[in-house]
>>> print(open('coords-v1.csv').read())   # CSV, C-alpha atoms
chain,number,residue,atom,x,y,z
W,1,MET,CA,9.2,-16.5,31.9
W,2,GLY,CA,8.1,-14.4,29.0
W,3,PRO,CA,8.0,-15.3,25.3
W,4,HIS,CA,11.1,-15.4,23.1
W,5,PRO,CA,12.3,-11.9,22.2
W,6,ALA,CA,11.4,-12.5,18.5
W,7,VAL,CA,7.9,-13.6,19.5
W,8,ALA,CA,7.5,-10.6,21.8
W,9,ALA,CA,8.6,-8.2,19.1
W,10,ILE,CA,6.1,-9.4,16.5
W,11,ARG,CA,3.3,-9.5,19.0
W,12,LEU,CA,4.0,-5.9,20.2
W,13,ALA,CA,4.1,-4.7,16.6
W,14,VAL,CA,0.7,-6.3,15.9
W,15,ARG,CA,-0.8,-5.1,19.2
W,16,ARG,CA,0.0,-1.5,18.3
W,17,VAL,CA,-1.8,-1.9,14.9
W,18,LEU,CA,-4.8,-3.5,16.5
W,19,HIS,CA,-5.1,-0.7,19.0
W,20,ASP,CA,-5.0,1.8,16.1
W,21,VAL,CA,-7.8,-0.2,14.4
W,22,LEU,CA,-9.9,-0.3,17.5
W,23,THR,CA,-9.4,3.5,18.1
W,24,GLU,CA,-10.5,4.3,14.5
W,25,HIS,CA,-13.4,1.9,14.8
W,26,ALA,CA,-14.6,3.5,18.0
W,27,ARG,CA,-14.4,7.0,16.3
W,28,SER,CA,-16.4,5.7,13.3
W,29,ALA,CA,-19.0,4.2,15.6
W,30,GLU,CA,-19.3,7.4,17.6
W,31,HIS,CA,-19.7,9.4,14.4
W,32,THR,CA,-22.4,7.0,13.2
W,33,ARG,CA,-24.1,7.3,16.6
W,34,ARG,CA,-24.1,11.1,16.5
W,35,THR,CA,-25.3,11.3,12.9
W,36,PRO,CA,-29.1,11.5,12.9
W,37,HIS,CA,-30.9,8.6,11.3
W,38,PRO,CA,-32.9,9.5,8.3
W,39,GLU,CA,-36.1,8.5,10.0
W,40,LEU,CA,-35.3,10.7,13.0
W,41,ALA,CA,-34.4,13.6,10.7
W,42,GLU,CA,-37.7,13.3,8.9
W,43,ALA,CA,-39.5,13.3,12.2
W,44,GLY,CA,-38.2,16.8,13.0
W,45,ALA,CA,-36.5,18.3,16.0
W,46,GLY,CA,-39.7,18.9,17.8
W,47,ARG,CA,-40.8,15.3,18.1
W,48,GLN,CA,-39.5,12.8,20.6
W,49,ARG,CA,-38.5,9.5,19.2
W,50,ALA,CA,-37.0,6.5,20.9
W,51,ALA,CA,-33.3,6.0,20.1
W,52,LEU,CA,-32.5,3.3,17.6
W,53,PRO,CA,-30.8,0.3,19.2
W,54,GLU,CA,-27.1,0.0,18.6
W,55,ARG,CA,-25.9,-3.1,16.9
W,56,PRO,CA,-22.9,-4.7,18.6
W,57,ASP,CA,-20.0,-4.6,16.1
W,58,THR,CA,-16.5,-6.0,16.7
W,59,PRO,CA,-14.0,-5.1,13.9
W,60,LEU,CA,-12.7,-7.9,11.8
W,61,VAL,CA,-9.0,-7.9,10.9
W,62,LEU,CA,-7.7,-10.2,8.2
W,63,VAL,CA,-4.1,-11.4,7.7
W,64,ALA,CA,-2.9,-12.0,4.2
W,65,CYS,CA,-0.9,-15.1,4.5
W,66,SER,CA,1.2,-16.9,1.8
W,67,GLY,CA,2.6,-19.5,4.1
W,68,GLY,CA,6.0,-17.9,4.2
W,69,ALA,CA,7.8,-17.0,7.4
W,70,ASP,CA,6.9,-13.3,7.4
W,71,SER,CA,3.1,-13.9,7.0
W,72,MET,CA,3.0,-17.0,9.2
W,73,ALA,CA,4.6,-15.0,12.0
W,74,LEU,CA,2.1,-12.2,11.4
W,75,ALA,CA,-0.8,-14.7,11.5
W,76,SER,CA,0.4,-16.2,14.8
W,77,ALA,CA,0.8,-12.8,16.4
W,78,LEU,CA,-2.7,-11.7,15.2
W,79,ALA,CA,-4.3,-14.8,16.6
W,80,PHE,CA,-2.6,-14.3,19.9
W,81,GLU,CA,-3.3,-10.6,20.3
W,82,ALA,CA,-6.9,-10.7,19.0
W,83,ARG,CA,-7.9,-13.1,21.8
W,84,LYS,CA,-6.9,-10.4,24.3
W,85,LEU,CA,-8.7,-7.5,22.5
W,86,ASP,CA,-12.2,-6.9,21.2
W,87,VAL,CA,-11.1,-7.9,17.7
W,88,ARG,CA,-12.2,-10.7,15.3
W,89,ALA,CA,-9.3,-12.2,13.4
W,90,GLY,CA,-9.4,-14.0,10.0
W,91,GLY,CA,-7.1,-15.0,7.2
W,92,ILE,CA,-6.9,-14.9,3.5
W,93,THR,CA,-4.4,-16.7,1.2
W,94,VAL,CA,-4.2,-16.0,-2.5
W,95,ASP,CA,-3.4,-18.8,-4.9
W,96,HIS,CA,-1.7,-17.2,-7.9
W,97,GLY,CA,-1.7,-20.5,-9.9
W,98,LEU,CA,1.9,-19.8,-11.1
W,99,GLN,CA,3.4,-23.1,-9.8
W,100,ASP,CA,2.4,-26.7,-9.8
W,101,GLY,CA,0.6,-27.7,-6.7
W,102,SER,CA,-0.2,-24.1,-5.7
W,103,ASP,CA,-3.8,-25.1,-4.9
W,104,THR,CA,-2.5,-27.8,-2.5
W,105,ARG,CA,-0.2,-25.3,-0.7
W,106,ALA,CA,-3.1,-22.8,-0.4
W,107,ALA,CA,-5.2,-25.5,1.2
W,108,GLU,CA,-2.4,-26.2,3.7
W,109,VAL,CA,-2.2,-22.5,4.6
W,110,VAL,CA,-6.0,-22.5,5.2
W,111,ASP,CA,-5.6,-25.5,7.5
W,112,ARG,CA,-2.8,-23.8,9.4
W,113,LEU,CA,-4.8,-20.5,9.8
W,114,THR,CA,-7.8,-22.5,10.9
W,115,ALA,CA,-5.7,-24.3,13.5
W,116,MET,CA,-4.8,-20.9,14.9
W,117,HIS,CA,-8.6,-20.4,15.4
W,118,LEU,CA,-8.8,-17.6,12.9
W,119,ASP,CA,-12.3,-17.1,11.4
W,120,PRO,CA,-13.1,-16.5,8.6
W,121,VAL,CA,-10.3,-18.2,6.6
W,122,GLU,CA,-10.4,-18.7,2.9
W,123,SER,CA,-8.2,-19.3,-0.2
W,124,VAL,CA,-8.8,-17.2,-3.2
W,125,ALA,CA,-7.6,-18.3,-6.7
W,126,VAL,CA,-6.7,-15.5,-9.1
W,127,GLN,CA,-5.7,-15.2,-12.8
W,128,VAL,CA,-2.4,-13.4,-13.2
W,129,GLY,CA,-2.2,-11.3,-16.3
W,130,GLN,CA,0.9,-10.0,-18.3
W,131,GLU,CA,0.7,-6.2,-17.9
W,132,GLY,CA,3.7,-4.6,-16.3
W,133,GLY,CA,5.7,-7.8,-16.1
W,134,PRO,CA,5.2,-11.0,-14.0
W,135,GLU,CA,5.9,-9.4,-10.6
W,136,ALA,CA,3.6,-6.4,-11.1
W,137,ALA,CA,0.9,-8.5,-12.6
W,138,ALA,CA,0.9,-11.0,-9.7
W,139,ARG,CA,0.9,-8.0,-7.2
W,140,ASP,CA,-2.1,-6.4,-9.0
W,141,ALA,CA,-4.0,-9.7,-9.0
W,142,ARG,CA,-3.2,-10.3,-5.3
W,143,TYR,CA,-4.4,-6.9,-4.2
W,144,ALA,CA,-7.5,-7.1,-6.2
W,145,ALA,CA,-8.3,-10.4,-4.5
W,146,LEU,CA,-7.5,-8.9,-1.1
W,147,ASP,CA,-9.7,-5.9,-1.8
W,148,ALA,CA,-12.6,-8.1,-2.8
W,149,ALA,CA,-12.2,-10.3,0.3
W,150,ALA,CA,-12.1,-7.3,2.6
W,151,GLU,CA,-15.3,-5.9,1.1
W,152,ARG,CA,-16.9,-9.3,1.2
W,153,HIS,CA,-16.2,-9.9,4.9
W,154,GLY,CA,-16.5,-6.2,5.9
W,155,ALA,CA,-12.9,-6.2,7.3
W,156,ALA,CA,-11.7,-3.1,9.0
W,157,ALA,CA,-8.1,-3.9,8.1
W,158,VAL,CA,-5.9,-6.4,6.2
W,159,LEU,CA,-2.4,-7.0,7.7
W,160,LEU,CA,0.5,-7.6,5.4
W,161,GLY,CA,3.9,-9.1,6.4
W,162,HIS,CA,6.3,-6.7,4.7
W,163,THR,CA,9.5,-6.3,6.8
W,164,ARG,CA,12.2,-3.7,7.0
W,165,ASP,CA,14.2,-5.8,4.5
W,166,ASP,CA,11.3,-5.6,2.0
W,167,GLN,CA,11.2,-1.8,2.6
W,168,ALA,CA,14.9,-1.5,1.8
W,169,GLU,CA,14.5,-3.5,-1.4
W,170,THR,CA,11.6,-1.3,-2.5
W,171,VAL,CA,13.7,1.8,-2.0
W,172,LEU,CA,16.5,0.4,-4.1
W,173,LEU,CA,14.1,-0.6,-6.9
W,174,GLY,CA,12.8,3.0,-6.9
W,175,LEU,CA,16.4,4.2,-7.2
W,176,ALA,CA,17.1,1.9,-10.1
W,177,ARG,CA,14.0,3.2,-11.9
W,178,GLY,CA,15.2,6.7,-11.5
W,179,SER,CA,11.9,7.5,-9.7
W,180,GLY,CA,11.0,10.5,-7.6
W,181,ILE,CA,10.9,10.9,-3.9
W,182,ARG,CA,7.5,9.3,-3.6
W,183,SER,CA,8.9,6.0,-4.9
W,184,LEU,CA,11.9,6.3,-2.6
W,185,SER,CA,9.4,6.6,0.3
W,186,GLY,CA,8.7,2.9,-0.1
W,187,MET,CA,5.7,1.2,1.5
W,188,ALA,CA,3.5,3.1,3.9
W,189,ALA,CA,2.6,1.6,7.3
W,190,ALA,CA,-1.0,2.1,6.2
W,191,SER,CA,-2.2,2.3,2.6
W,192,GLY,CA,-5.2,1.5,0.4
W,193,PRO,CA,-8.8,2.5,0.7
W,194,ALA,CA,-9.3,4.2,4.1
W,195,GLY,CA,-5.9,2.8,5.2
W,196,ARG,CA,-7.1,-0.7,4.8
W,197,TYR,CA,-3.7,-2.3,4.5
W,198,ARG,CA,-1.5,-2.3,7.6
W,199,ARG,CA,2.2,-3.3,7.7
W,200,PRO,CA,3.1,-4.0,11.3
W,201,PHE,CA,6.6,-5.4,10.6
W,202,LEU,CA,8.2,-2.4,8.7
W,203,GLN,CA,10.4,-1.8,11.7
W,204,LEU,CA,11.4,-5.5,12.1
W,205,ASP,CA,13.9,-7.4,10.0
W,206,ARG,CA,13.1,-10.6,8.1
W,207,GLN,CA,15.2,-12.7,10.5
W,208,THR,CA,13.0,-11.7,13.5
W,209,ALA,CA,9.9,-13.1,11.8
W,210,ARG,CA,11.7,-16.3,10.8
W,211,LYS,CA,13.0,-16.8,14.3
W,212,ALA,CA,9.5,-16.3,15.7
W,213,CYS,CA,8.3,-19.1,13.5
W,214,LEU,CA,11.1,-21.3,14.5
W,215,VAL,CA,10.7,-21.0,18.2
W,216,GLN,CA,6.9,-21.5,17.9
W,217,SER,CA,7.4,-24.5,15.6
W,218,LEU,CA,5.3,-22.9,12.9
W,219,PRO,CA,5.8,-24.6,9.5
W,220,VAL,CA,6.7,-22.2,6.8
W,221,TRP,CA,6.9,-22.5,3.0
W,222,ASP,CA,9.8,-20.9,1.1
W,223,ASP,CA,8.5,-19.7,-2.3
W,224,PRO,CA,11.0,-20.8,-4.9
W,225,HIS,CA,10.3,-17.5,-6.8
W,226,ASN,CA,12.0,-15.7,-3.9
W,227,ILE,CA,15.3,-17.2,-5.0
W,228,ASP,CA,14.7,-17.3,-8.7
W,229,PRO,CA,17.2,-14.9,-10.5
W,230,ALA,CA,14.6,-14.4,-13.2
W,231,TYR,CA,12.9,-12.0,-10.8
W,232,THR,CA,14.3,-8.5,-10.2
W,233,ARG,CA,13.5,-8.4,-6.5
W,234,SER,CA,15.1,-11.9,-6.0
W,235,ARG,CA,18.3,-10.8,-7.6
W,236,LEU,CA,18.4,-7.7,-5.5
W,237,ARG,CA,17.7,-9.7,-2.3
W,238,HIS,CA,20.4,-12.3,-2.9
W,239,GLU,CA,23.0,-10.4,-4.9
W,240,GLY,CA,22.4,-6.7,-4.7
W,241,LEU,CA,21.9,-6.1,-1.0
W,242,PRO,CA,24.7,-8.5,0.1
W,243,ALA,CA,27.1,-6.7,-2.3
W,244,LEU,CA,26.1,-3.3,-0.8
W,245,GLU,CA,26.6,-4.6,2.7
W,246,LYS,CA,30.0,-6.0,1.7
W,247,ALA,CA,31.1,-2.7,0.2
W,248,LEU,CA,29.5,-0.3,2.8
W,249,GLY,CA,29.3,-2.4,5.9
W,250,LYS,CA,26.3,-3.6,8.0
W,251,GLY,CA,23.4,-1.2,8.5
W,252,VAL,CA,22.5,-0.7,4.8
W,253,VAL,CA,19.0,-2.1,5.3
W,254,GLU,CA,18.3,0.1,8.4
W,255,ALA,CA,19.6,3.2,6.5
W,256,LEU,CA,17.4,2.5,3.5
W,257,ALA,CA,14.4,2.1,5.8
W,258,ARG,CA,15.2,5.4,7.4
W,259,THR,CA,15.5,7.0,4.0
W,260,ALA,CA,12.0,5.6,3.2
W,261,GLN,CA,10.5,7.3,6.2
W,262,LEU,CA,12.3,10.6,5.6
W,263,SER,CA,11.3,10.6,2.0
W,264,ARG,CA,7.7,9.8,2.9
W,265,ASP,CA,7.5,12.8,5.2
W,266,ASP,CA,8.9,15.1,2.5
W,267,ALA,CA,6.7,13.6,-0.2
W,268,ASP,CA,3.6,14.1,2.0
W,269,ALA,CA,4.5,17.7,2.5
W,270,LEU,CA,5.0,18.3,-1.2
W,271,ASP,CA,1.8,16.6,-2.1
W,272,THR,CA,-0.1,18.9,0.2
W,273,TRP,CA,1.6,21.9,-1.3
W,274,ALA,CA,0.8,20.6,-4.8
W,275,ALA,CA,-2.9,20.1,-3.9
W,276,GLU,CA,-3.1,23.7,-2.8
W,277,ALA,CA,-1.2,24.9,-5.9
W,278,ASP,CA,-3.4,23.0,-8.2
W,279,ARG,CA,-6.3,25.3,-7.4
W,280,ALA,CA,-4.2,28.4,-7.8
W,281,VAL,CA,-2.9,27.7,-11.3
W,282,ARG,CA,-6.3,27.2,-13.0
W,283,ASP,CA,-8.4,29.8,-14.7
W,284,ASP,CA,-12.1,30.3,-14.1
W,285,ALA,CA,-12.9,27.4,-16.4
W,286,GLY,CA,-10.6,25.1,-14.5
W,287,ARG,CA,-7.9,25.0,-17.2
W,288,LEU,CA,-4.2,24.9,-16.3
W,289,GLU,CA,-2.4,28.2,-17.0
W,290,CYS,CA,1.1,27.8,-18.3
W,291,ALA,CA,2.5,31.0,-16.8
W,292,LYS,CA,1.3,30.2,-13.4
W,293,LEU,CA,2.6,26.6,-13.7
W,294,TYR,CA,6.0,28.0,-14.7
W,295,ALA,CA,6.2,30.0,-11.5
W,296,LEU,CA,5.9,27.0,-9.3
W,297,PRO,CA,8.9,25.1,-7.9
W,298,PRO,CA,9.7,22.2,-10.2
W,299,ALA,CA,8.9,19.5,-7.6
W,300,VAL,CA,5.4,21.1,-7.0
W,301,ARG,CA,4.7,21.7,-10.7
W,302,ARG,CA,5.4,18.1,-11.6
W,303,ARG,CA,3.1,16.9,-8.9
W,304,VAL,CA,0.3,19.1,-10.3
W,305,LEU,CA,1.0,17.7,-13.8
W,306,ARG,CA,0.9,14.2,-12.5
W,307,ARG,CA,-2.4,14.8,-10.7
W,308,ALA,CA,-3.9,16.3,-13.9
W,309,ALA,CA,-2.7,13.3,-16.0
W,310,MET,CA,-4.2,10.8,-13.6
W,311,GLU,CA,-7.5,12.7,-13.4
W,312,ALA,CA,-7.6,12.6,-17.2
W,313,GLY,CA,-7.4,8.8,-17.1
W,314,SER,CA,-3.6,8.0,-17.1
W,315,PRO,CA,-3.0,4.9,-14.8
W,316,ALA,CA,-0.7,5.8,-11.9
W,317,GLY,CA,1.2,2.5,-12.2
W,318,SER,CA,2.1,3.3,-15.8
W,319,LEU,CA,2.8,7.0,-15.5
W,320,PHE,CA,6.5,7.3,-15.0
W,321,ALA,CA,8.9,10.3,-14.3
W,322,ARG,CA,9.9,10.4,-18.0
W,323,HIS,CA,6.3,11.0,-19.0
W,324,ILE,CA,5.9,13.9,-16.6
W,325,GLU,CA,9.2,15.4,-17.7
W,326,GLU,CA,8.0,15.5,-21.3
W,327,VAL,CA,4.8,17.3,-20.2
W,328,ASP,CA,6.9,19.6,-18.0
W,329,ARG,CA,8.8,20.7,-21.1
W,330,LEU,CA,5.6,22.0,-22.6
W,331,ILE,CA,5.8,24.6,-19.7
W,332,THR,CA,9.5,25.2,-19.3
W,333,GLY,CA,10.8,24.5,-22.8
W,334,TRP,CA,8.0,25.5,-25.1
W,335,ARG,CA,9.0,25.7,-28.8
W,336,GLY,CA,5.9,24.7,-30.5
W,337,GLN,CA,6.2,20.9,-30.0
W,338,ARG,CA,3.4,18.5,-30.7
W,339,ALA,CA,1.2,16.8,-28.1
W,340,ILE,CA,2.7,14.4,-25.7
W,341,ASN,CA,1.1,10.9,-25.6
W,342,LEU,CA,0.7,9.5,-22.1
W,343,PRO,CA,-0.4,6.0,-20.8
W,344,GLY,CA,-4.2,5.4,-20.8
W,345,ARG,CA,-4.7,7.1,-24.2
W,346,VAL,CA,-4.2,10.5,-22.6
W,347,GLU,CA,-2.5,13.4,-24.4
W,348,ALA,CA,-1.1,16.7,-23.1
W,349,MET,CA,-0.8,19.8,-25.4
W,350,ARG,CA,-0.3,23.5,-25.1
W,351,GLN,CA,-3.0,25.7,-26.5
W,352,GLY,CA,-3.2,29.5,-26.2
W,353,GLY,CA,-1.2,29.7,-23.0
W,354,ARG,CA,-3.2,26.8,-21.4
W,355,LEU,CA,-2.1,23.2,-20.8
W,356,VAL,CA,-4.7,20.8,-21.9
W,357,ILE,CA,-4.6,17.2,-20.7
W,358,ARG,CA,-7.3,15.0,-21.9
W,359,GLN,CA,-8.3,11.6,-23.4
W,360,SER,CA,-7.1,11.4,-27.0
>>> encode(input="coords-v1.csv", output="C-alpha cells")
Amino acid sequence: MGPHPAVAAIRLAVRRVLHDVLTEHARSAEHTRRTPHPELAEAGAGRQRAALPERPDTPLVLVACSGGADSMALASALAFEARKLDVRAGGITVDHGLQDGSDTRAAEVVDRLTAMHLDPVESVAVQVGQEGGPEAAARDARYAALDAAAERHGAAAVLLGHTRDDQAETVLLGLARGSGIRSLSGMAAASGPAGRYRRPFLQLDRQTARKACLVQSLPVWDDPHNIDPAYTRSRLRHEGLPALEKALGKGVVEALARTAQLSRDDADALDTWAAEADRAVRDDAGRLECAKLYALPPAVRRRVLRRAAMEAGSPAGSLFARHIEEVDRLITGWRGQRAINLPGRVEAMRQGGRLVIRQS
C-alpha cells in the first residue's frame, strides 16, 4: 500500500525539483571538468600533465522551515526523497524575534528537523527593520538570512513552502497595488541568485500540505500573524479570497495561479524585448535618445526606463509603476517639466533630446 495521496503529492513535487538540482549540478561539474585548470593552462598545450583528481561533491539542498504546515510538509518530503537520491538535505529556520517565545519555537523547529535526519540544521536570529512596512521588512530580513546561510553552507538550492494559495494571494496583492504584469506573475518556481530559491508546492494547495502533516503526525505551529487582521495578506486570506469564492464560485485560487503563469510567460517575453531595445535606443555615448524611446511600444519603453532607473541606483522594491509613469511622461508628454525624483536619490530629466537618469 502506497503513501496517502497528500504525502505522495508533496514527495513527487520535491522529487522533481531535486532532479532539476542534480541535473544542473552535473552540468556545472562537467563544465568545471572541461575548463582547463590555471596550472594546466600555464603548462601549455604541448606538455603532458596528469589530470587533477576530482573532488566528490554531493549538492546540498536546504529547506526554509518556519514550523508551519507548508514548510513542515516540505521538510518531511525533502528528508524522504534526499535519502533516495545523491543529495544532502539540511534545514534553516529564521527567528524574526517579533513574538514572545520566538527563540523557543525556533529551537523546537531545529529539534524537529534534526529528528528527520537533516544536516546541517540551524536557527538564525534576525533584526527586522521598518522600511516598507512590517511584512516587507520581515521578508527582507528573512531572505537576507537565507542568502547568508546558503552561502555559508554552499547550498545548491533552498526550498520554500509557498503553495498555490500563496500564489493566488500574491496575484491579488499585485492587482490591488495597480502593478504591472510582472507583479501579476506572482512568485517564480525558481528565483534568486542562480535560481537558488525553489518552490515545489506552487501547483499544490495549502490543504494538501496540511493533510500531509496530519497523516504523518507531524507537529505544526500556526503563526498567529497569519490570522491577525493587522496584516494585509492575513485579511486577504481570511476575508478577501473567501468573499471572491462566494461571489464567483470555487476555482478562484486555481484561476489566479493560472493567471500568474500566463503573466509570467508574457512578462519574460517583454523583458527580453526590452533588453534588446535598450541597446537600440542609446547613442554612441550610451545615453537614452527620447525620439527612439518614443517609437517603442509603451510596455517595452517602460521596461527600458525601469531598467535604467535601477541601474542608476533606484531600489527595485521601492520603484513603483507611478514612478515609471512620471518618467515616461518626459518622453510622451514633454512640456518642459522639471526633473522627476525617484527612490534611491535618483533623478530623471530630459536634456537636449536625451533622457538622463542619474544619482541626484
>>> residues_around(input="coords-v1.csv", residues="Leu288 of chain W", least_positions_apart="4", cutoff="10 Å", atoms="only C-alpha atoms", output="ChimeraX atom specification")
/W:278-284,292-293,304-305,308,350,353-357
>>> closest_residue(input="coords-v1.csv", among="W:Pro315, W:Gly344, W:Gly186, W:Pro229", to="Thr259 of chain W", atoms="all atoms listed in the file")
W:Gly186
>>> residues_around(input="coords-v1.csv", residues="segment 59-61 of chain W", least_positions_apart="6", cutoff="10 Å", atoms="all atoms listed in the file", output="list in words")
Leu18, Val21, Leu22, His25, Ala26, Leu78, Ala82, Asp86, Val87, Arg88, Ala89, Gly90, Gly91, Leu118, Asp119, Pro120, Ala150, His153, Gly154, Ala155, Ala156, Ala157, Val158, Leu159, Arg196 and Arg198 of chain W
>>> atom_distance(input="coords-v1.csv", atom1="atom CA of Leu330 of chain W", atom2="atom CA of Gly178 of chain W")
21.2 Å
>>> closest_residue(input="coords-v1.csv", among="W:Leu184, W:Met310, W:Val109, W:Met116", to="Pro343 of chain W", atoms="only C-alpha atoms")
W:Met310
>>> residues_around(input="coords-v1.csv", residues="segment 294-298 of chain W", least_positions_apart="3", cutoff="9 Å", atoms="only C-alpha atoms", output="ChimeraX atom specification")
/W:277,289-291,301-303,328,331-332
>>> write_last_selection(input="coords-v1.csv", atoms="C-alpha atoms", output="PDB file, keeping the file's coordinate frame")
ATOM      1  CA  ALA W 277      -1.200  24.900  -5.900  1.00  0.00           C
ATOM      2  CA  GLU W 289      -2.400  28.200 -17.000  1.00  0.00           C
ATOM      3  CA  CYS W 290       1.100  27.800 -18.300  1.00  0.00           C
ATOM      4  CA  ALA W 291       2.500  31.000 -16.800  1.00  0.00           C
ATOM      5  CA  ARG W 301       4.700  21.700 -10.700  1.00  0.00           C
ATOM      6  CA  ARG W 302       5.400  18.100 -11.600  1.00  0.00           C
ATOM      7  CA  ARG W 303       3.100  16.900  -8.900  1.00  0.00           C
ATOM      8  CA  ASP W 328       6.900  19.600 -18.000  1.00  0.00           C
ATOM      9  CA  ILE W 331       5.800  24.600 -19.700  1.00  0.00           C
ATOM     10  CA  THR W 332       9.500  25.200 -19.300  1.00  0.00           C
TER      11      THR W 332
END
>>> residues_near_point(input="coords-v1.csv", point="(-5.8, -15.3, -8.8)", cutoff="10 Å", atoms="only C-alpha atoms", output="PyMOL selection string")
chain W and resi 94-98+123-129+138+140-145
>>> residues_around(input="coords-v1.csv", residues="Asp228 of chain W", least_positions_apart="5", cutoff="12 Å", atoms="all atoms listed in the file", output="PDB file with C-alpha atoms, in the coordinates of the input")
ATOM      1  CA  GLU W 135       5.900  -9.400 -10.600  1.00  0.00           C
ATOM      2  CA  ASP W 222       9.800 -20.900   1.100  1.00  0.00           C
ATOM      3  CA  ASP W 223       8.500 -19.700  -2.300  1.00  0.00           C
ATOM      4  CA  ARG W 233      13.500  -8.400  -6.500  1.00  0.00           C
ATOM      5  CA  SER W 234      15.100 -11.900  -6.000  1.00  0.00           C
ATOM      6  CA  ARG W 235      18.300 -10.800  -7.600  1.00  0.00           C
ATOM      7  CA  LEU W 236      18.400  -7.700  -5.500  1.00  0.00           C
ATOM      8  CA  ARG W 237      17.700  -9.700  -2.300  1.00  0.00           C
ATOM      9  CA  HIS W 238      20.400 -12.300  -2.900  1.00  0.00           C
ATOM     10  CA  GLU W 239      23.000 -10.400  -4.900  1.00  0.00           C
TER      11      GLU W 239
END
>>> decode(input="coords-v1.csv", residues="segment 218-224 of chain W", atoms="all heavy atoms", output="compact mmCIF listing (two decimals), in the first residue's frame")
# COMPACT_ATOMS: atom_id res chain seq x y z
N LEU W 218 2.97 14.94 11.96
CA LEU W 218 3.99 15.98 12.09
C LEU W 218 3.41 17.15 12.87
O LEU W 218 2.40 17.73 12.46
CB LEU W 218 4.46 16.46 10.71
CG LEU W 218 5.20 15.46 9.84
CD1 LEU W 218 5.46 16.06 8.47
CD2 LEU W 218 6.50 15.04 10.49
N PRO W 219 4.01 17.54 13.98
CA PRO W 219 3.51 18.71 14.71
C PRO W 219 3.76 19.98 13.91
O PRO W 219 4.81 20.13 13.27
CB PRO W 219 4.33 18.69 15.99
CG PRO W 219 5.58 17.95 15.65
CD PRO W 219 5.20 16.94 14.61
N VAL W 220 2.79 20.86 13.90
CA VAL W 220 2.94 22.12 13.17
C VAL W 220 2.59 23.28 14.09
O VAL W 220 1.86 23.13 15.08
CB VAL W 220 2.04 22.17 11.91
CG1 VAL W 220 2.41 21.05 10.96
CG2 VAL W 220 0.57 22.10 12.28
N TRP W 221 3.12 24.45 13.76
CA TRP W 221 2.87 25.67 14.52
C TRP W 221 2.11 26.64 13.63
O TRP W 221 2.54 26.94 12.51
CB TRP W 221 4.18 26.28 14.98
CG TRP W 221 4.03 27.62 15.64
CD1 TRP W 221 3.36 27.89 16.80
CD2 TRP W 221 4.53 28.88 15.17
NE1 TRP W 221 3.43 29.24 17.10
CE2 TRP W 221 4.15 29.86 16.12
CE3 TRP W 221 5.28 29.26 14.05
CZ2 TRP W 221 4.47 31.20 15.96
CZ3 TRP W 221 5.61 30.60 13.90
CH2 TRP W 221 5.20 31.56 14.86
N ASP W 222 0.98 27.10 14.10
CA ASP W 222 0.18 28.08 13.36
C ASP W 222 0.52 29.48 13.85
O ASP W 222 0.17 29.86 14.98
CB ASP W 222 -1.31 27.79 13.53
CG ASP W 222 -1.73 26.51 12.82
OD1 ASP W 222 -1.30 26.31 11.67
OD2 ASP W 222 -2.48 25.72 13.43
N ASP W 223 1.22 30.21 13.02
CA ASP W 223 1.67 31.56 13.36
C ASP W 223 0.45 32.48 13.56
O ASP W 223 -0.37 32.63 12.64
CB ASP W 223 2.54 32.09 12.22
CG ASP W 223 3.19 33.43 12.53
OD1 ASP W 223 2.77 34.08 13.52
OD2 ASP W 223 4.10 33.82 11.79
N PRO W 224 0.31 33.08 14.74
CA PRO W 224 -0.83 33.98 14.96
C PRO W 224 -0.85 35.18 14.02
O PRO W 224 -1.91 35.77 13.79
CB PRO W 224 -0.67 34.42 16.42
CG PRO W 224 0.75 34.11 16.78
CD PRO W 224 1.15 32.94 15.95
